[in-house]
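Visitor: Here's a structure for you.
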Amino acid sequence: MKVLYCSSEAVPFAASGGLGDVAGSLPKALNDEKIEVRVVMPLYGQIKDKYGEELEYITNFNVLLGWRVQYCGLFKYEKDGVTYYFLDNEYYFKRHGLYGHFDDGERFAFFSKAILEMLVNIDYEPDIIHTNDWQTALVNIYVNIFYRHIPKFYNVKTVFTIHNIQYQGKYGLDIISDVLGIPDEYAHQLEYEGAANFMKAGIENADKVTTVSPTYAQEILDPWFSHGLDPLLRERQFKLSGILNGIDYEEYNPKTDKLIVKNYTDSAFVRNKSICKEDLRAIFNLEESDAPIAAMVTRLVEHKGLDLVKNIAERLVDNGYQLIVLGNGESQYEDFFNYLAYKYPEKVGVRIGFIPALARKIYAGSDIFIMPSKSEPCGLSQMISLRYGTIPIVRETGGLKDSVKDSMDGKGNGFTFANYDSEELYQCCVRAFESYKDRKGWSALIKRAMKTDCSWKHSAKEYIKMYEECLKLW
C-alpha cells in the first residue's frame with residue numbers, strides 16, 4: 001500500500017503545533033509496519049536555509065490556480081526511511097512564520113493544487129492521498145473535479161483528518177472562482193454559512209474523515225465543540241472515525257533523554273526522578289520541601305483551562321503544592337502567573353515563552369501535570385507526562401479522556417474530572433495530593449503511568465485498518 005501524506009508542517013522541518021508532531025512521526029510508524037508513506041509539504045524559507053544543500057532537486061512545473069499560472073519546484077529528502085517532498089514557490093512560502101498572512105487561502109490552495117500536479121509529473125502512484133486540516137483540504141475537491149480523468153487518479157482514495165475543527169479556512173465567497181478556480185457548478189461543495197469553507201470541501205469530498213481521538217470524533221457532532229460544522233458532520237457521520245494520536249518514543253524517552261539531569265526507567269525511577277525534581281527546583285529557585293510539584297507546559301489561552309487554574313492556584317499553593325508554569329499566550333494569564341510567582345517566590349516558578357529543553361526538564365522533574373482543557377482534540381502533553389512518570393490531572397474531553405484513566409480504583413494512570421468547573425479541578429488536585437502522601441501507592445501509580453502505551457505502534461495499526469477499509473469502498 002502506498003500513501004501520500006499531505007501536511008502544511010512536519011517535525012523536524014517546520015512545525016507550529018500538534019499537526020507537525022503527527023506528520024513527523026506517524027509516517028515513520030506506518031513505514032515500520034511496511035506501509036510505504038511519502039510526505040509532501042511546502043518548502044518554507046527556514047527549511048531551505050537549514051537543509052538547502054541536502055535537498056535533491058527533482059523537477060519543476062507550472063500550477064494553474066484560477067487565472068494565475070505559478071511556478072513550482074520539487075525537491076526530495078530522505079529521513080528515517082521516509083521520503084519527504086518539498087514544493088517550492090518563494091512568493092508563497094519564503095515568509096516569516098507558517099501562517100497568519102493575508103493570502104493564506106491562496107497560498108494553501110496553491111499548495112493543494114501543486115500536490116496533484118506533482119503526481120502528474122513524477123513516477124509515483126499512491127493508493128491513498130491523506131490530507132490534514134484546512135491547509136490541504138482542497139486536495140480532496142481538486143482531485144475529484146480536475147484529475148479523475150487521468151489514469152493515475154482513477155482509483156486513488158482520499159482521507160481527510162481534522163486535527164482541530166476550530167480552524168476551518170473560512171474566506172469570502174468571491175475566492176471560490178477567482179482564486180481557487182472552482183467552477184460554479186461545484187461551488188456548493190465549499191459554501192457554508194455564507195463563506196467559502198475549505199474544511200467543508202475536505203469533508204464533503206474525502207472517502208474517509210478521521211479525527212485525532214475517538215472521543216473527539218463524537219464531540220464534534222455536538223454544537224458545543226464543532227464550531228458550526230456539526231450539521232454537516234452528522235450528515236457525513238458514516239465516514240467519520242477517531243484514531244488516537246501517539247508520541248515518538250525515541251524522542252521522548254526518560255531512559256536516553258540527554259536534556260534531563262538523570263535518566264530513569266519504569267522499573268528504576270525513584271532515586272533518579274527525585275534528582276530531576278531537585279534540579280527543577282534549583283532552576284526555579286523553589287524551596288526544598290516534601291511538597292509535590294504540579295506543572296503546566298501549555299499555551300496560556302482560555303481553552304486550555306487557564307481560567308480554572310487561575311481560580312484555584314492560590315488555594316493549591318496555600319494547601320501544600322509547589323507550582324511551575326511554562327508557556328506564553330494571553331496577557332491576562334501571563335500577568336497572573338507572574339504575579340503568583342512574585343507573591344510566592346519559593347513555591348511558584350514561571351517562565352513565559354516556548355523553551356523545549358526546559359519543558360523536558362519539567363516533564364521529568366514534576367510530580368503532577370495539570371491539563372484541564374475546555375476542549376482537546378488529542379493532546380500530546382499528557383502522553384509525554386505519562387512517559388516520564390509525571391501523573392496527569394485532566395478533564396475528560398477529547399484525547400485526554402481516551403489516554404488518561406482515573407486511578408480511584410487502583411488501576412488507572414492519573415486523575416480525571418468531568419465538568420468544566422474549577423471546584424471539580426480543585427477536588428481532583430486534593431485527591432492527587434492525598435495519593436502522593438502514600439509513597440508506596442504513588443510509586444505504583446508512577447509505574448502504571450510509565451507503562452501506558454502512548455506510542456504510535458497501536459495507532460499506526462488503526463490507520464492501516466482504516467486505509468484498508470477505504471480501499472474497499474468503490
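For the C-alpha cells, the naming scheme is as follows: chains receive sequential letters (A, B, ...) according to their order of presentation, residues are indexed from 1 within each chain, and ligands are indexed from 1 in presentation order.
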Within 12 Å of A:Lys457, counting only C-alpha atoms, which residues qualify if same-chain residues fewer than 4 places away don't, as number ranges by chain?

Guide: A: 25-33, 244-249, 453, 461-464

Visitor: Could you pull out the residues in stretch 144-275 of chain A that DSSP calls alpha helix (DSSP H) from the backbone, as a PDB file with N, CA and C atoms, in the first residue's frame?

Guide:
ATOM      1  N   ILE A 175     -13.639  34.153  -3.404  1.00  0.00           N
ATOM      2  CA  ILE A 175     -12.388  33.418  -3.561  1.00  0.00           C
ATOM      3  C   ILE A 175     -12.596  32.130  -4.360  1.00  0.00           C
ATOM      4  N   ILE A 176     -13.821  31.593  -4.369  1.00  0.00           N
ATOM      5  CA  ILE A 176     -14.069  30.270  -4.951  1.00  0.00           C
ATOM      6  C   ILE A 176     -13.703  30.232  -6.430  1.00  0.00           C
ATOM      7  N   SER A 177     -14.165  31.196  -7.180  1.00  0.00           N
ATOM      8  CA  SER A 177     -13.876  31.221  -8.613  1.00  0.00           C
ATOM      9  C   SER A 177     -12.571  31.941  -8.909  1.00  0.00           C
ATOM     10  N   ASP A 178     -12.388  33.119  -8.331  1.00  0.00           N
ATOM     11  CA  ASP A 178     -11.268  33.980  -8.688  1.00  0.00           C
ATOM     12  C   ASP A 178      -9.927  33.394  -8.271  1.00  0.00           C
ATOM     13  N   PHE A 198     -12.889  25.809   3.512  1.00  0.00           N
ATOM     14  CA  PHE A 198     -12.004  24.779   2.975  1.00  0.00           C
ATOM     15  C   PHE A 198     -12.253  23.427   3.649  1.00  0.00           C
ATOM     16  N   MET A 199     -12.477  23.455   4.979  1.00  0.00           N
ATOM     17  CA  MET A 199     -12.669  22.196   5.693  1.00  0.00           C
ATOM     18  C   MET A 199     -13.933  21.493   5.216  1.00  0.00           C
ATOM     19  N   LYS A 200     -14.981  22.255   4.921  1.00  0.00           N
ATOM     20  CA  LYS A 200     -16.194  21.634   4.406  1.00  0.00           C
ATOM     21  C   LYS A 200     -15.898  20.885   3.117  1.00  0.00           C
ATOM     22  N   ALA A 201     -15.111  21.484   2.225  1.00  0.00           N
ATOM     23  CA  ALA A 201     -14.771  20.821   0.967  1.00  0.00           C
ATOM     24  C   ALA A 201     -14.020  19.521   1.225  1.00  0.00           C
ATOM     25  N   GLY A 202     -13.146  19.523   2.233  1.00  0.00           N
ATOM     26  CA  GLY A 202     -12.418  18.313   2.577  1.00  0.00           C
ATOM     27  C   GLY A 202     -13.341  17.217   3.065  1.00  0.00           C
ATOM     28  N   ILE A 203     -14.280  17.587   3.936  1.00  0.00           N
ATOM     29  CA  ILE A 203     -15.225  16.605   4.490  1.00  0.00           C
ATOM     30  C   ILE A 203     -16.144  16.055   3.411  1.00  0.00           C
ATOM     31  N   GLU A 204     -16.650  16.935   2.550  1.00  0.00           N
ATOM     32  CA  GLU A 204     -17.584  16.519   1.505  1.00  0.00           C
ATOM     33  C   GLU A 204     -16.940  15.555   0.509  1.00  0.00           C
ATOM     34  N   ASN A 205     -15.680  15.781   0.158  1.00  0.00           N
ATOM     35  CA  ASN A 205     -15.079  15.067  -0.953  1.00  0.00           C
ATOM     36  C   ASN A 205     -14.204  13.892  -0.566  1.00  0.00           C
ATOM     37  N   PRO A 214     -10.900   9.052  19.452  1.00  0.00           N
ATOM     38  CA  PRO A 214     -12.279   8.577  19.350  1.00  0.00           C
ATOM     39  C   PRO A 214     -13.285   9.492  20.031  1.00  0.00           C
ATOM     40  N   THR A 215     -12.934  10.015  21.208  1.00  0.00           N
ATOM     41  CA  THR A 215     -13.865  10.896  21.913  1.00  0.00           C
ATOM     42  C   THR A 215     -14.112  12.180  21.137  1.00  0.00           C
ATOM     43  N   TYR A 216     -13.067  12.744  20.544  1.00  0.00           N
ATOM     44  CA  TYR A 216     -13.222  13.975  19.762  1.00  0.00           C
ATOM     45  C   TYR A 216     -14.120  13.738  18.556  1.00  0.00           C
ATOM     46  N   ALA A 217     -14.053  12.544  17.966  1.00  0.00           N
ATOM     47  CA  ALA A 217     -14.917  12.223  16.825  1.00  0.00           C
ATOM     48  C   ALA A 217     -16.384  12.290  17.216  1.00  0.00           C
ATOM     49  N   GLN A 218     -16.707  11.961  18.457  1.00  0.00           N
ATOM     50  CA  GLN A 218     -18.078  12.076  18.942  1.00  0.00           C
ATOM     51  C   GLN A 218     -18.400  13.504  19.370  1.00  0.00           C
ATOM     52  N   GLU A 219     -17.431  14.169  19.983  1.00  0.00           N
ATOM     53  CA  GLU A 219     -17.670  15.529  20.476  1.00  0.00           C
ATOM     54  C   GLU A 219     -17.994  16.500  19.353  1.00  0.00           C
ATOM     55  N   PRO A 223     -22.795  20.789  18.903  1.00  0.00           N
ATOM     56  CA  PRO A 223     -22.537  22.204  18.608  1.00  0.00           C
ATOM     57  C   PRO A 223     -21.531  22.862  19.538  1.00  0.00           C
ATOM     58  N   TRP A 224     -21.423  22.368  20.797  1.00  0.00           N
ATOM     59  CA  TRP A 224     -20.508  22.993  21.758  1.00  0.00           C
ATOM     60  C   TRP A 224     -19.058  22.849  21.327  1.00  0.00           C
ATOM     61  N   PHE A 225     -18.756  21.808  20.560  1.00  0.00           N
ATOM     62  CA  PHE A 225     -17.383  21.533  20.144  1.00  0.00           C
ATOM     63  C   PHE A 225     -17.123  21.819  18.667  1.00  0.00           C
ATOM     64  N   SER A 226     -18.166  21.881  17.843  1.00  0.00           N
ATOM     65  CA  SER A 226     -17.985  21.752  16.391  1.00  0.00           C
ATOM     66  C   SER A 226     -17.672  23.043  15.664  1.00  0.00           C
ATOM     67  N   ASP A 230     -21.262  20.867  12.981  1.00  0.00           N
ATOM     68  CA  ASP A 230     -21.939  19.639  13.423  1.00  0.00           C
ATOM     69  C   ASP A 230     -23.050  19.173  12.480  1.00  0.00           C
ATOM     70  N   PRO A 231     -23.859  20.054  11.862  1.00  0.00           N
ATOM     71  CA  PRO A 231     -24.883  19.525  10.939  1.00  0.00           C
ATOM     72  C   PRO A 231     -24.265  18.750   9.775  1.00  0.00           C
ATOM     73  N   LEU A 232     -23.195  19.298   9.216  1.00  0.00           N
ATOM     74  CA  LEU A 232     -22.514  18.616   8.109  1.00  0.00           C
ATOM     75  C   LEU A 232     -21.923  17.294   8.561  1.00  0.00           C
ATOM     76  N   LEU A 233     -21.287  17.289   9.722  1.00  0.00           N
ATOM     77  CA  LEU A 233     -20.649  16.070  10.211  1.00  0.00           C
ATOM     78  C   LEU A 233     -21.664  14.987  10.568  1.00  0.00           C
ATOM     79  N   ARG A 234     -22.807  15.390  11.071  1.00  0.00           N
ATOM     80  CA  ARG A 234     -23.838  14.389  11.354  1.00  0.00           C
ATOM     81  C   ARG A 234     -24.341  13.751  10.058  1.00  0.00           C
ATOM     82  N   GLU A 235     -24.441  14.557   8.999  1.00  0.00           N
ATOM     83  CA  GLU A 235     -24.833  14.009   7.698  1.00  0.00           C
ATOM     84  C   GLU A 235     -23.772  13.056   7.148  1.00  0.00           C
ATOM     85  N   VAL A 270      12.898   5.805  41.159  1.00  0.00           N
ATOM     86  CA  VAL A 270      12.672   6.555  42.398  1.00  0.00           C
ATOM     87  C   VAL A 270      13.796   7.555  42.650  1.00  0.00           C
ATOM     88  N   ARG A 271      15.032   7.096  42.674  1.00  0.00           N
ATOM     89  CA  ARG A 271      16.143   7.990  43.017  1.00  0.00           C
ATOM     90  C   ARG A 271      16.402   9.023  41.919  1.00  0.00           C
ATOM     91  N   ASN A 272      16.478   8.571  40.667  1.00  0.00           N
ATOM     92  CA  ASN A 272      16.858   9.491  39.593  1.00  0.00           C
ATOM     93  C   ASN A 272      15.760  10.484  39.242  1.00  0.00           C
ATOM     94  N   LYS A 273      14.504  10.079  39.380  1.00  0.00           N
ATOM     95  CA  LYS A 273      13.430  11.060  39.154  1.00  0.00           C
ATOM     96  C   LYS A 273      13.445  12.115  40.250  1.00  0.00           C
ATOM     97  N   SER A 274      13.801  11.715  41.478  1.00  0.00           N
ATOM     98  CA  SER A 274      13.900  12.703  42.562  1.00  0.00           C
ATOM     99  C   SER A 274      15.065  13.665  42.314  1.00  0.00           C
ATOM    100  N   ILE A 275      16.132  13.193  41.671  1.00  0.00           N
ATOM    101  CA  ILE A 275      17.237  14.089  41.302  1.00  0.00           C
ATOM    102  C   ILE A 275      16.773  15.091  40.245  1.00  0.00           C
TER     103      ILE A 275
END

Visitor: Just checking: using only C-alpha atoms, which residue out of A:Val120, A:Tyr339, A:Ser8, A:Val69 ends up closest to A:Phe93?

Guide: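 Closest to A:Phe93, using only C-alpha atoms: A:Ser8.
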
Visitor: What does the distance from atom CA of A:Leu445 to atom CA of A:Arg431 come to in Å, to one decimal?

Guide: 13.2 Å

Visitor: Find the spatial neighbours of stretch 301-306 of chain A, counting only C-alpha atoms, within a cut-off of 12 Å - ignore same-chain residues fewer than 4 positions away - and output them as a VMD selection string.

Guide: chain A and resid 166 225 296 to 297 310 to 313 325 327 to 334 336 to 337 370 to 377 379 381 393 to 395 397 400 419 to 422 425

Visitor: Which residue out of A:Asp266, A:Asp409, A:Glu78, A:Asp88 has the minimum interatomic distance to A:Lys451 when only C-alpha atoms are used?

Guide: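 Closest candidate: A:Asp266.
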
Visitor: Please indicate the distance in Å from atom CA of A:Lys2 to atom CA of A:Glu125, rounded to one decimal place.

Guide: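 Computing the Euclidean distance for atom CA of A:Lys2 and atom CA of A:Glu125 yields 7.6 Å.
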
Visitor: Show me, as a ChimeraX atom specification, the residues that have an atom within 10 Å of A:Leu98 when counting only C-alpha atoms, minus same-chain residues fewer than 3 positions from it.

Guide: /A:8-9,14-16,42,44-46,93-95,101,104
